[in-house]
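Just upload32.cif here, mmCIF, C-alpha atoms:
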```cif
data_model
loop_
_atom_site.label_atom_id
_atom_site.label_comp_id
_atom_site.auth_asym_id
_atom_site.auth_seq_id
_atom_site.Cartn_x
_atom_site.Cartn_y
_atom_site.Cartn_z
CA MET A 1 -108.66 42.97 54.79
CA GLY A 2 -107.10 39.54 54.84
CA LYS A 3 -108.77 36.57 53.26
CA THR A 4 -108.48 32.93 54.37
CA ILE A 5 -108.99 29.84 52.23
CA THR A 6 -109.41 26.58 54.12
CA LEU A 7 -108.84 23.33 52.29
CA ASP A 8 -110.55 20.87 54.60
CA HIS A 9 -109.47 17.61 53.06
CA VAL A 10 -107.46 16.72 50.02
CA THR A 11 -107.58 13.08 49.07
CA LYS A 12 -105.41 11.43 46.43
CA ILE A 13 -102.20 11.81 48.39
CA GLU A 14 -100.50 9.54 50.92
CA GLY A 15 -100.43 11.20 54.31
CA HIS A 16 -101.44 14.31 56.19
CA ALA A 17 -100.17 17.90 55.86
CA LYS A 18 -101.16 21.55 55.97
CA LEU A 19 -100.27 24.52 53.78
CA ASN A 20 -100.36 28.12 55.01
CA ILE A 21 -100.27 30.91 52.44
CA LYS A 22 -100.35 34.68 52.96
CA VAL A 23 -100.69 37.04 50.01
CA ARG A 24 -100.43 40.80 50.37
CA GLU A 25 -100.97 43.22 47.49
CA GLY A 26 -100.62 40.42 44.97
CA LYS A 27 -97.34 39.11 46.37
CA VAL A 28 -96.75 35.85 48.23
CA GLU A 29 -95.44 36.78 51.67
CA GLN A 30 -95.60 33.34 53.27
CA CYS A 31 -95.82 29.79 51.92
CA GLU A 32 -95.23 27.18 54.59
CA LEU A 33 -95.76 23.45 54.23
CA SER A 34 -96.39 21.82 57.61
CA ILE A 35 -96.39 18.09 58.26
CA ILE A 36 -98.66 17.48 61.21
CA GLU A 37 -99.18 13.73 61.31
CA GLY A 38 -98.62 12.13 64.68
CA ALA A 39 -95.01 11.17 65.32
CA ARG A 40 -94.42 7.52 64.48
CA TYR A 41 -91.01 6.90 66.07
CA PHE A 42 -89.86 4.11 63.76
CA GLU A 43 -86.20 4.97 64.19
CA GLY A 44 -86.67 4.82 67.95
CA ILE A 45 -88.65 1.59 67.79
CA LEU A 46 -85.73 -0.10 66.01
CA LYS A 47 -83.30 0.55 68.86
CA GLY A 48 -82.74 -2.59 70.88
CA LYS A 49 -84.18 -4.87 68.18
CA LYS A 50 -82.19 -7.80 66.82
CA TYR A 51 -80.80 -7.42 63.30
CA ASN A 52 -83.14 -10.04 61.84
CA ASP A 53 -86.21 -8.12 63.05
CA VAL A 54 -85.25 -4.83 61.40
CA SER A 55 -86.68 -5.42 57.92
CA HIS A 56 -90.01 -6.73 59.27
CA ILE A 57 -90.42 -3.57 61.34
CA THR A 58 -89.34 -1.09 58.66
CA SER A 59 -91.67 -2.59 56.06
CA ARG A 60 -94.52 -1.32 58.26
CA ILE A 61 -93.39 2.28 57.74
CA CYS A 62 -95.62 2.35 54.68
CA GLY A 63 -98.09 -0.01 53.04
CA VAL A 64 -97.38 1.59 49.64
CA CYS A 65 -93.58 1.37 49.81
CA SER A 66 -93.18 -1.73 51.99
CA VAL A 67 -91.15 -3.54 49.31
CA SER A 68 -88.56 -0.77 49.13
CA HIS A 69 -88.20 -0.50 52.90
CA THR A 70 -87.81 -4.26 53.19
CA ILE A 71 -85.06 -4.45 50.57
CA ALA A 72 -83.22 -1.40 51.91
CA SER A 73 -83.21 -2.75 55.47
CA VAL A 74 -82.02 -6.18 54.46
CA LYS A 75 -79.21 -4.69 52.37
CA ALA A 76 -78.15 -2.38 55.21
CA VAL A 77 -77.88 -5.32 57.61
CA GLU A 78 -75.88 -7.27 55.03
CA ALA A 79 -73.55 -4.30 54.56
CA ALA A 80 -73.00 -4.10 58.33
CA PHE A 81 -72.07 -7.77 58.72
CA ASN A 82 -70.33 -8.12 55.35
CA ILE A 83 -72.81 -10.67 54.01
CA LYS A 84 -72.56 -11.35 50.28
CA VAL A 85 -75.53 -12.57 48.29
CA SER A 86 -75.76 -14.65 45.13
CA GLU A 87 -76.55 -13.41 41.64
CA GLN A 88 -79.84 -15.28 41.90
CA THR A 89 -80.78 -13.28 45.00
CA LYS A 90 -79.87 -10.03 43.23
CA LYS A 91 -82.13 -10.94 40.30
CA LEU A 92 -85.03 -11.92 42.56
CA ARG A 93 -84.69 -8.67 44.51
CA GLU A 94 -84.69 -6.71 41.29
CA LEU A 95 -87.91 -8.44 40.24
CA LEU A 96 -89.35 -7.70 43.67
CA SER A 97 -88.38 -4.03 43.37
CA ILE A 98 -89.99 -3.79 39.93
CA GLY A 99 -93.20 -5.29 41.29
CA GLY A 100 -93.25 -2.76 44.12
CA ILE A 101 -92.67 0.15 41.75
CA ILE A 102 -95.45 -1.01 39.40
CA GLN A 103 -97.83 -1.34 42.37
CA SER A 104 -97.12 2.20 43.53
CA HIS A 105 -96.90 3.93 40.14
CA ILE A 106 -100.18 2.51 38.85
CA LEU A 107 -101.96 3.58 42.03
CA HIS A 108 -100.66 7.12 41.65
CA LEU A 109 -101.00 7.42 37.87
CA TYR A 110 -104.56 6.18 37.40
CA PHE A 111 -106.26 6.74 40.74
CA LEU A 112 -104.56 9.85 42.15
CA ALA A 113 -103.20 11.87 39.20
CA LEU A 114 -105.37 11.04 36.18
CA PRO A 115 -108.66 12.31 37.69
CA ASP A 116 -107.05 15.78 37.83
CA TYR A 117 -106.48 15.85 34.09
CA TYR A 118 -109.76 14.17 33.15
CA LYS A 119 -111.68 16.43 35.55
CA THR A 120 -113.55 13.51 37.10
CA GLY A 121 -112.94 14.50 40.72
CA GLY A 122 -111.68 11.08 41.73
CA ALA A 123 -111.35 7.43 40.83
CA MET A 124 -115.11 6.78 41.04
CA GLY A 125 -115.77 9.56 38.55
CA LEU A 126 -113.12 8.07 36.29
CA LEU A 127 -114.81 4.68 36.55
CA LYS A 128 -118.15 6.14 35.45
CA LYS A 129 -116.76 7.97 32.42
CA HIS A 130 -113.71 5.90 31.44
CA LYS A 131 -114.28 2.37 32.65
CA GLU A 132 -111.74 0.95 30.21
CA LEU A 133 -108.94 2.99 31.81
CA VAL A 134 -109.79 1.75 35.29
CA GLU A 135 -109.88 -1.81 34.01
CA ARG A 136 -106.44 -1.34 32.47
CA ALA A 137 -105.15 0.10 35.73
CA LEU A 138 -106.50 -2.84 37.69
CA ARG A 139 -104.82 -5.31 35.35
CA LEU A 140 -101.47 -3.57 35.79
CA LYS A 141 -101.92 -3.23 39.56
CA ARG A 142 -102.80 -6.92 39.78
CA LEU A 143 -99.62 -7.73 37.83
CA GLY A 144 -97.51 -5.72 40.29
CA ASN A 145 -99.19 -7.49 43.20
CA GLU A 146 -98.61 -10.90 41.65
CA MET A 147 -94.92 -10.13 41.13
CA VAL A 148 -94.47 -9.28 44.80
CA ILE A 149 -96.53 -12.27 45.98
CA THR A 150 -94.68 -14.69 43.70
CA ILE A 151 -91.22 -13.50 44.72
CA ALA A 152 -91.71 -12.65 48.39
CA GLY A 153 -94.83 -14.34 49.73
CA ARG A 154 -97.43 -11.55 49.92
CA ASP A 155 -98.24 -8.30 48.16
CA VAL A 156 -97.75 -5.99 51.16
CA HIS A 157 -95.00 -6.28 53.79
CA PRO A 158 -93.19 -9.11 51.97
CA ILE A 159 -91.79 -11.81 54.24
CA ALA A 160 -89.63 -14.06 52.03
CA CYS A 161 -86.97 -11.41 51.32
CA VAL A 162 -84.54 -11.96 54.20
CA ILE A 163 -80.91 -11.41 55.13
CA GLY A 164 -78.69 -13.30 52.71
CA GLY A 165 -81.38 -14.25 50.20
CA PHE A 166 -84.93 -15.60 50.24
CA SER A 167 -86.55 -17.87 52.79
CA ARG A 168 -88.23 -19.76 49.99
CA ILE A 169 -87.66 -19.90 46.25
CA PRO A 170 -90.63 -19.54 43.85
CA THR A 171 -91.54 -22.66 41.93
CA LYS A 172 -90.76 -23.00 38.24
CA GLU A 173 -94.48 -23.11 37.48
CA LYS A 174 -95.18 -19.84 39.27
CA MET A 175 -92.29 -18.09 37.53
CA LYS A 176 -93.50 -19.37 34.17
CA LYS A 177 -96.98 -18.00 34.90
CA LEU A 178 -95.45 -14.67 35.92
CA LEU A 179 -93.54 -14.46 32.65
CA ASP A 180 -96.72 -15.26 30.69
CA ASP A 181 -98.58 -12.55 32.62
CA LEU A 182 -95.85 -10.01 31.83
CA TYR A 183 -96.06 -10.76 28.11
CA ALA A 184 -99.85 -10.41 28.31
CA ILE A 185 -99.69 -7.05 30.11
CA LYS A 186 -97.12 -5.47 27.78
CA ASP A 187 -99.71 -3.70 25.60
CA ASP A 188 -101.34 -2.17 28.70
CA ALA A 189 -97.96 -0.79 29.74
CA ILE A 190 -97.41 0.73 26.30
CA GLU A 191 -100.88 2.30 26.28
CA THR A 192 -100.19 3.70 29.74
CA VAL A 193 -97.11 5.53 28.47
CA LYS A 194 -99.02 6.89 25.47
CA LEU A 195 -101.86 8.06 27.71
CA PHE A 196 -99.69 9.96 30.18
CA MET A 197 -97.33 11.32 27.55
CA GLY A 198 -100.37 12.85 25.83
CA LEU A 199 -101.88 14.77 28.76
CA ASP A 200 -101.88 18.57 28.87
CA TYR A 201 -99.46 19.40 31.69
CA PRO A 202 -98.98 22.94 33.06
CA GLU A 203 -95.90 24.75 31.79
CA PHE A 204 -93.90 25.37 34.95
CA TYR A 205 -90.17 25.04 35.48
CA GLU A 206 -88.24 24.75 38.72
CA THR A 207 -84.50 24.44 38.11
CA VAL A 208 -82.94 22.38 40.90
CA PRO A 209 -80.45 19.47 40.98
CA LEU A 210 -81.91 16.10 40.00
CA PHE A 211 -80.53 13.23 42.07
CA ALA A 212 -80.92 9.48 41.53
CA LEU A 213 -79.05 6.28 42.26
CA THR A 214 -76.95 4.64 39.58
CA GLY A 215 -74.67 1.63 39.19
CA GLY A 216 -75.80 -1.82 38.11
CA SER A 217 -79.12 -2.07 36.32
CA TYR A 218 -81.89 0.53 36.26
CA PHE A 219 -84.03 -1.04 39.01
CA ASP A 220 -81.10 -2.29 41.08
CA SER A 221 -79.00 0.88 41.24
CA GLU A 222 -77.51 1.32 44.68
CA GLU A 223 -73.81 2.10 44.59
CA ILE A 224 -73.62 5.75 43.58
CA VAL A 225 -75.70 8.89 43.93
CA ARG A 226 -75.68 10.81 40.65
CA CYS A 227 -76.68 14.36 39.86
CA GLU A 228 -77.57 15.16 36.25
CA LYS A 229 -74.59 17.53 36.15
CA GLY A 230 -72.21 14.64 36.71
CA VAL A 231 -71.84 15.01 40.47
CA CYS A 232 -71.41 11.51 41.85
CA PHE A 233 -70.53 10.11 45.25
CA PRO A 234 -70.85 6.72 47.01
CA THR A 235 -74.17 6.07 48.72
CA LYS A 236 -72.35 5.38 51.98
CA ASN A 237 -71.48 9.11 52.04
CA TYR A 238 -75.05 10.32 51.55
CA SER A 239 -75.26 12.03 54.96
CA ASP A 240 -72.31 14.24 54.02
CA HIS A 241 -74.30 15.69 51.12
CA PHE A 242 -77.94 15.56 52.22
CA LYS A 243 -78.77 17.24 55.52
CA GLU A 244 -82.04 16.55 57.32
CA TYR A 245 -83.60 19.02 59.71
CA PHE A 246 -86.77 19.54 61.70
CA ARG A 247 -88.89 22.69 61.66
CA GLU A 248 -91.10 23.85 64.48
CA GLY A 249 -94.64 22.57 64.07
CA ASN A 250 -93.63 19.58 61.94
CA THR A 251 -93.30 15.90 62.72
CA ALA A 252 -91.43 15.03 59.51
CA GLU A 253 -87.94 15.99 58.49
CA PHE A 254 -86.99 18.20 55.56
CA ALA A 255 -83.74 17.77 53.63
CA THR A 256 -81.41 19.89 51.50
CA ASN A 257 -78.27 19.39 49.44
CA GLU A 258 -75.54 21.93 50.21
CA GLY A 259 -78.27 24.01 51.87
CA LYS A 260 -80.53 24.02 48.78
CA GLU A 261 -83.57 22.11 47.54
CA TYR A 262 -83.20 19.14 45.21
CA PHE A 263 -85.45 16.63 43.46
CA THR A 264 -85.48 12.85 43.62
CA GLY A 265 -88.07 10.64 41.93
CA SER A 266 -88.98 9.04 38.62
CA LEU A 267 -88.14 12.13 36.54
CA PRO A 268 -84.59 12.49 37.93
CA ARG A 269 -84.16 8.73 37.60
CA ILE A 270 -85.02 8.52 33.88
CA ILE A 271 -83.01 11.68 33.09
CA ASN A 272 -79.89 10.55 34.96
CA ASN A 273 -80.05 6.90 33.89
CA THR A 274 -81.47 6.98 30.37
CA GLU A 275 -78.66 4.71 29.18
CA LEU A 276 -79.87 1.98 31.56
CA LEU A 277 -83.40 1.94 30.15
CA SER A 278 -84.56 -0.38 27.40
CA ASP A 279 -84.44 1.16 23.92
CA GLU A 280 -88.23 1.12 23.79
CA SER A 281 -88.49 3.18 26.99
CA ALA A 282 -85.58 5.53 26.22
CA VAL A 283 -87.37 6.79 23.11
CA TYR A 284 -90.05 8.35 25.29
CA VAL A 285 -87.45 10.04 27.50
CA GLU A 286 -86.26 11.95 24.45
CA ASP A 287 -89.72 13.52 24.21
CA ILE A 288 -89.61 15.01 27.73
CA GLU A 289 -85.88 15.44 28.31
CA HIS A 290 -86.09 19.14 27.40
CA LYS A 291 -88.75 19.52 30.11
CA ARG A 292 -86.59 17.97 32.82
CA ASN A 293 -87.15 20.98 35.09
CA ASN A 294 -90.95 20.75 34.93
CA PRO A 295 -92.05 18.76 38.02
CA PHE A 296 -95.29 17.79 36.28
CA MET A 297 -93.14 15.60 34.00
CA ASN A 298 -92.66 13.27 36.96
CA VAL A 299 -96.08 11.85 36.05
CA PRO A 300 -95.24 10.59 32.52
CA ALA A 301 -91.81 9.55 33.87
CA GLN A 302 -93.59 7.09 36.15
CA ALA A 303 -95.46 5.67 33.17
CA ILE A 304 -92.16 5.18 31.34
CA GLU A 305 -90.83 3.29 34.36
CA VAL A 306 -93.85 0.98 34.34
CA LEU A 307 -93.11 0.00 30.74
CA ASP A 308 -89.42 -0.39 31.43
CA GLY A 309 -90.17 -2.49 34.49
CA VAL A 310 -92.25 -4.88 32.43
CA ASN A 311 -89.46 -5.11 29.82
CA ARG A 312 -86.75 -5.66 32.42
CA ALA A 313 -88.77 -8.30 34.28
CA ILE A 314 -89.31 -10.21 31.05
CA GLU A 315 -85.59 -10.00 30.29
CA ILE A 316 -84.69 -11.42 33.71
CA LEU A 317 -87.28 -14.20 33.70
CA GLN A 318 -86.39 -15.43 30.22
CA ASP A 319 -82.97 -16.58 31.41
CA LEU A 320 -83.54 -17.19 35.12
CA GLU A 321 -82.96 -20.76 36.31
CA LEU A 322 -83.71 -20.93 40.01
CA LYS A 323 -82.17 -23.28 42.54
CA GLU A 324 -82.42 -23.73 46.29
CA GLU A 325 -79.77 -21.80 48.20
CA GLU A 326 -78.61 -22.05 51.78
CA LEU A 327 -79.15 -18.96 53.89
CA PRO A 328 -76.30 -17.67 56.10
CA GLU A 329 -78.53 -17.21 59.18
CA ASN A 330 -76.58 -19.65 61.36
CA ASN A 331 -73.18 -18.34 60.27
CA ILE A 332 -73.68 -14.59 60.62
CA LYS A 333 -70.91 -12.97 62.63
CA THR A 334 -72.27 -9.91 64.35
CA CYS A 335 -70.13 -6.96 65.31
CA ALA A 336 -70.22 -3.41 66.64
CA CYS A 337 -70.55 -1.91 63.18
CA GLU A 338 -72.64 0.16 60.80
CA GLY A 339 -74.48 -0.71 57.61
CA ILE A 340 -75.76 1.68 54.95
CA ALA A 341 -77.91 0.83 51.94
CA ALA A 342 -79.82 2.76 49.30
CA VAL A 343 -82.55 1.61 46.91
CA SER A 344 -84.57 3.25 44.15
CA ALA A 345 -87.98 3.41 45.78
CA PRO A 346 -91.03 4.45 43.72
CA ARG A 347 -90.65 8.08 44.83
CA GLY A 348 -86.86 8.31 44.62
CA MET A 349 -83.76 7.56 46.67
CA LEU A 350 -84.34 5.72 49.95
CA PHE A 351 -81.52 5.43 52.49
CA HIS A 352 -81.35 3.09 55.50
CA ARG A 353 -78.50 3.28 58.01
CA PHE A 354 -78.20 1.09 61.11
CA LYS A 355 -75.61 0.65 63.85
CA PHE A 356 -75.37 -2.60 65.81
CA ASP A 357 -73.59 -3.78 68.94
CA GLU A 358 -71.45 -6.93 69.22
CA GLU A 359 -74.53 -9.11 69.74
CA GLY A 360 -76.36 -7.75 66.72
CA TYR A 361 -78.81 -5.44 68.47
CA CYS A 362 -79.61 -2.14 66.79
CA THR A 363 -78.20 0.86 68.66
CA GLU A 364 -78.97 3.58 66.11
CA ALA A 365 -81.22 3.92 63.05
CA ASP A 366 -81.59 6.57 60.38
CA ILE A 367 -84.12 6.29 57.54
CA THR A 368 -84.24 9.01 54.89
CA THR A 369 -87.26 8.68 52.60
CA PRO A 370 -87.73 10.27 49.16
CA THR A 371 -90.64 12.42 50.34
CA THR A 372 -88.53 13.81 53.18
CA GLN A 373 -85.98 14.82 50.55
CA ASN A 374 -88.62 16.47 48.35
CA LEU A 375 -90.57 18.39 51.00
CA ALA A 376 -88.41 21.52 50.90
CA LEU A 377 -88.59 21.54 47.10
CA MET A 378 -92.37 21.07 47.12
CA GLU A 379 -92.70 24.11 49.36
CA LYS A 380 -90.43 26.18 47.12
CA ALA A 381 -92.26 25.03 43.99
CA ILE A 382 -95.63 26.04 45.48
CA ARG A 383 -94.22 29.46 46.37
CA ASP A 384 -92.87 29.96 42.84
CA PHE A 385 -96.01 28.57 41.18
CA LEU A 386 -98.50 30.73 43.09
CA PRO A 387 -97.81 34.08 41.34
CA ARG A 388 -98.77 32.44 38.03
CA ILE A 389 -102.27 31.55 39.27
CA LEU A 390 -103.22 34.32 41.74
CA ASP A 391 -105.60 35.86 39.20
CA GLN A 392 -107.69 32.69 39.21
CA SER A 393 -110.54 31.82 41.57
CA GLU A 394 -109.78 30.39 44.98
CA GLU A 395 -111.14 27.01 43.94
CA GLU A 396 -108.92 26.98 40.85
CA ILE A 397 -105.90 27.96 42.96
CA LYS A 398 -106.57 25.04 45.31
CA ASP A 399 -106.90 22.61 42.40
CA LYS A 400 -103.69 23.78 40.73
CA ILE A 401 -101.66 23.59 43.94
CA GLU A 402 -102.97 20.09 44.63
CA MET A 403 -101.99 19.02 41.11
CA LEU A 404 -98.49 20.35 41.68
CA ILE A 405 -98.13 18.56 45.00
CA ARG A 406 -99.43 15.33 43.51
CA ALA A 407 -96.88 15.57 40.69
CA TYR A 408 -94.20 14.74 43.26
CA ASP A 409 -96.31 11.75 44.38
CA PRO A 410 -95.49 12.44 48.02
CA CYS A 411 -95.90 9.55 50.44
CA ILE A 412 -96.10 11.75 53.51
CA SER A 413 -97.32 8.77 55.51
CA CYS A 414 -93.82 7.44 54.98
CA SER A 415 -92.15 10.38 56.68
CA THR A 416 -98.07 11.86 56.07
CA HIS A 417 -103.51 13.44 53.32
CA PHE A 418 -102.71 16.91 52.46
CA LEU A 419 -105.41 18.27 54.73
CA GLU A 420 -105.68 22.02 55.09
CA MET A 421 -104.75 25.08 53.09
CA HIS A 422 -105.07 28.45 54.78
CA MET A 423 -104.66 31.35 52.41
CA GLU A 424 -104.77 34.92 53.63
CA ARG A 425 -104.98 37.88 51.24
CA SER A 426 -104.92 41.56 51.95
#
```

Encoding of this model in structure tokens:
Amino acid sequence: MGKTITLDHVTKIEGHAKLNIKVREGKVEQCELSIIEGARYFEGILKGKKYNDVSHITSRICGVCSVSHTIASVKAVEAAFNIKVSEQTKKLRELLSIGGIIQSHILHLYFLALPDYYKTGGAMGLLKKHKELVERALRLKRLGNEMVITIAGRDVHPIACVIGGFSRIPTKEKMKKLLDDLYAIKDDAIETVKLFMGLDYPEFYETVPLFALTGGSYFDSEEIVRCEKGVCFPTKNYSDHFKEYFREGNTAEFATNEGKEYFTGSLPRIINNTELLSDESAVYVEDIEHKRNNPFMNVPAQAIEVLDGVNRAIEILQDLELKEEELPENNIKTCACEGIAAVSAPRGMLFHRFKFDEEGYCTEADITTPTTQNLALMEKAIRDFLPRILDQSEEEIKDKIEMLIRAYDPCISCSTHFLEMHMERS
């Protein structure tokens, strides 16, 4: 007789999905991850929109990753029209990116992942038993929010990051306060790394290529896609190497590299770019480098990035002297051309590609999110992980699978709450 397990609602994940599992005589016959969120049509919505509207629309793809989508869109438009930006703009965008990554990582680390390991059920349970951890998380989250507000006007869907630069430059007083806040939060960032490095993670290894962006600084890598085995290629050629495809019953795309699964995220980023991290952060990478194929290590990798983000932001702000700069908005020469950009979003590599006509209206859009790139791997990892836990109770199986999915920190709303798990045994 077959047996069905229904997981009605899994919180602590961004988006909506379903997992179907069939087990026969102790063997996994089917493991299918289905993304069933309503189609959102962002790439279609962008068609016919003027180039200077693109970033404001794409930032609405996700409230968690709005900073990354904004920066990627702006850079893609600049690439299309050959617009060069100043070093000051590059530094401000790097600070903005760091703020966005801290916002997202702290949300995932403390409120989505940590309750799994502390067995508190959720953030409210964590608050009751470990109030000091929640208070630390809120301080760090507030710092990330303040970075984004200070640099780009508001903490979600930033508006001051525009084509060619920033529509307004932060005051000296606000930047001084931000630097003071970063110094004050440093100990919280260090304690965060220690906390997540010390958790008891499952021993599970999934050997696949690890891809991340490189070139420039750690948080402003955009020029090259790097695999940990030394495979590198320009970001403008990403569609030659990563192929997206739809599956029946899904509203999100899956992606593969040379027909196989691959991993992008914080773990691939710190492994592939250790030399770009601060010395203080790189020390922690040494402790998990030998576990690079364990997806659960993506969790402490995020904590390492929070610390490194604080260090890098301090480094930038110590020497940053801001000045007003003229934007190129009245001198932009549009053309029938294409622009491609990539940024290191919280969950991995994010690609934006747009085509425009002679008047600067978008004729084609392609947005490839990190979660889209990880979906095929998540499905494979669940399939490979299941045989290890089939002797456990159904409730324990559910919990372990959810922990594995959350390790990838999927933002399925970018591409969707993990909602249902149907498991059939016979």

| task | Output the residue selection produced by the PyMOL selection byres ((chain A and resi 258) around 8) on the file above, formatted as a list in words. | result |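 This file, filtered by the PyMOL selection byres ((chain A and resi 258) around 8), leaves His241, Phe242, Lys243, Thr256, Asn257, Gly259 and Lys260 of chain A.
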
| Pick from A:Ile71, A:Met124, A:Ala407, A:Leu377: nearest to Glu261 of chain A, with all atoms listed in the file counted? |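 Going through A:Ile71, A:Met124, A:Ala407, A:Leu377 one by one, the smallest distance to Glu261 of chain A is for A:Leu377.
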
Go through segment 191-246 of chain A residue by residue and, counting only C-alpha atoms, keep those with an atom at most 10 Å from segment 310-329 of chain A; for each kept residue give the shortest atom pair and its distance in Å to one decimal, ordered by chain and increasing number, as a Markdown table.
```
| residue | atom | partner | partner_atom | distance |
| --- | --- | --- | --- | --- |
| A:Ser217 | CA | A:Arg312 | CA | 9.3 |
| A:Tyr218 | CA | A:Arg312 | CA | 8.8 |
| A:Phe219 | CA | A:Arg312 | CA | 8.5 |
```

| request: Compile the contact shell of segment 287-297 of chain A as number ranges by chain: residues with an atom at most 8 Å away, counting only C-alpha atoms, same-chain residues fewer than 5 positions apart removed. | output: A: 201-208, 267-268, 271, 404, 407-408

| Nearest to Ala72 of chain A, chosen from A:Gly230, A:Gly265, A:Pro209, A:Gly339, with all atoms listed in the file counted in the distances | A:Gly339

| field | Residue contacts of Gly26 of chain A (10 Å, all atoms listed in the file) excluding same-chain residues fewer than 6 positions away, as a PyMOL selection string | value | chain A and resi 387+390-391+425-426

Kindly export the residues of the current selection with C-alpha atoms, as a PDB file, in the frame of the given file.
```pdb
ATOM      1  CA  PRO A 387     -97.810  34.080  41.340  1.00  0.00           C
ATOM      2  CA  LEU A 390    -103.220  34.320  41.740  1.00  0.00           C
ATOM      3  CA  ASP A 391    -105.600  35.860  39.200  1.00  0.00           C
ATOM      4  CA  ARG A 425    -104.980  37.880  51.240  1.00  0.00           C
ATOM      5  CA  SER A 426    -104.920  41.560  51.950  1.00  0.00           C
TER       6      SER A 426
END
```

| task | Spell out the residues picked by the PyMOL selection byres ((chain A and resi 378) around 10) here, as a list in words. | result |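 Going through the file, the PyMOL selection byres ((chain A and resi 378) around 10) ends up selecting Leu33, Glu261, Tyr262, Phe263, Pro295, Thr371, Gln373, Asn374, Leu375, Ala376, Leu377, Glu379, Lys380, Ala381, Ile382, Arg383, Asp384, Leu404, Ile405, Arg406, Ala407, Tyr408 and Pro410 of chain A.
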
Keeping C-alpha atoms for every residue in the selection just given, could you write it to a file as a PDB file, in the frame of the given file?
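The resulting result.pdb:
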```pdb
ATOM      1  CA  LEU A  33     -95.760  23.450  54.230  1.00  0.00           C
ATOM      2  CA  GLU A 261     -83.570  22.110  47.540  1.00  0.00           C
ATOM      3  CA  TYR A 262     -83.200  19.140  45.210  1.00  0.00           C
ATOM      4  CA  PHE A 263     -85.450  16.630  43.460  1.00  0.00           C
ATOM      5  CA  PRO A 295     -92.050  18.760  38.020  1.00  0.00           C
ATOM      6  CA  THR A 371     -90.640  12.420  50.340  1.00  0.00           C
ATOM      7  CA  GLN A 373     -85.980  14.820  50.550  1.00  0.00           C
ATOM      8  CA  ASN A 374     -88.620  16.470  48.350  1.00  0.00           C
ATOM      9  CA  LEU A 375     -90.570  18.390  51.000  1.00  0.00           C
ATOM     10  CA  ALA A 376     -88.410  21.520  50.900  1.00  0.00           C
ATOM     11  CA  LEU A 377     -88.590  21.540  47.100  1.00  0.00           C
ATOM     12  CA  GLU A 379     -92.700  24.110  49.360  1.00  0.00           C
ATOM     13  CA  LYS A 380     -90.430  26.180  47.120  1.00  0.00           C
ATOM     14  CA  ALA A 381     -92.260  25.030  43.990  1.00  0.00           C
ATOM     15  CA  ILE A 382     -95.630  26.040  45.480  1.00  0.00           C
ATOM     16  CA  ARG A 383     -94.220  29.460  46.370  1.00  0.00           C
ATOM     17  CA  ASP A 384     -92.870  29.960  42.840  1.00  0.00           C
ATOM     18  CA  LEU A 404     -98.490  20.350  41.680  1.00  0.00           C
ATOM     19  CA  ILE A 405     -98.130  18.560  45.000  1.00  0.00           C
ATOM     20  CA  ARG A 406     -99.430  15.330  43.510  1.00  0.00           C
ATOM     21  CA  ALA A 407     -96.880  15.570  40.690  1.00  0.00           C
ATOM     22  CA  TYR A 408     -94.200  14.740  43.260  1.00  0.00           C
ATOM     23  CA  PRO A 410     -95.490  12.440  48.020  1.00  0.00           C
TER      24      PRO A 410
END
```

| said: Given only C-alpha atoms as the basis, pick out the residue of A:Ser68, A:Ile401, A:Glu364, A:Tyr117 nearest to Ile389 of chain A. | reply: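 Ranking A:Ser68, A:Ile401, A:Glu364, A:Tyr117 by distance to Ile389 of chain A, first place goes to A:Ile401.
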
Could you list the residues chosen by the PyMOL selection byres ((chain A and resi 126-132) around 12) in this structure as a PDB file with C-alpha atoms, keeping the file's coordinate frame?
```pdb
ATOM      1  CA  TYR A 110    -104.560   6.180  37.400  1.00  0.00           C
ATOM      2  CA  PHE A 111    -106.260   6.740  40.740  1.00  0.00           C
ATOM      3  CA  LEU A 112    -104.560   9.850  42.150  1.00  0.00           C
ATOM      4  CA  ALA A 113    -103.200  11.870  39.200  1.00  0.00           C
ATOM      5  CA  LEU A 114    -105.370  11.040  36.180  1.00  0.00           C
ATOM      6  CA  PRO A 115    -108.660  12.310  37.690  1.00  0.00           C
ATOM      7  CA  ASP A 116    -107.050  15.780  37.830  1.00  0.00           C
ATOM      8  CA  TYR A 117    -106.480  15.850  34.090  1.00  0.00           C
ATOM      9  CA  TYR A 118    -109.760  14.170  33.150  1.00  0.00           C
ATOM     10  CA  LYS A 119    -111.680  16.430  35.550  1.00  0.00           C
ATOM     11  CA  THR A 120    -113.550  13.510  37.100  1.00  0.00           C
ATOM     12  CA  GLY A 121    -112.940  14.500  40.720  1.00  0.00           C
ATOM     13  CA  GLY A 122    -111.680  11.080  41.730  1.00  0.00           C
ATOM     14  CA  ALA A 123    -111.350   7.430  40.830  1.00  0.00           C
ATOM     15  CA  MET A 124    -115.110   6.780  41.040  1.00  0.00           C
ATOM     16  CA  GLY A 125    -115.770   9.560  38.550  1.00  0.00           C
ATOM     17  CA  LEU A 133    -108.940   2.990  31.810  1.00  0.00           C
ATOM     18  CA  VAL A 134    -109.790   1.750  35.290  1.00  0.00           C
ATOM     19  CA  GLU A 135    -109.880  -1.810  34.010  1.00  0.00           C
ATOM     20  CA  ARG A 136    -106.440  -1.340  32.470  1.00  0.00           C
ATOM     21  CA  ALA A 137    -105.150   0.100  35.730  1.00  0.00           C
ATOM     22  CA  LEU A 138    -106.500  -2.840  37.690  1.00  0.00           C
ATOM     23  CA  ARG A 139    -104.820  -5.310  35.350  1.00  0.00           C
ATOM     24  CA  ASP A 188    -101.340  -2.170  28.700  1.00  0.00           C
ATOM     25  CA  GLU A 191    -100.880   2.300  26.280  1.00  0.00           C
ATOM     26  CA  THR A 192    -100.190   3.700  29.740  1.00  0.00           C
TER      27      THR A 192
END
```
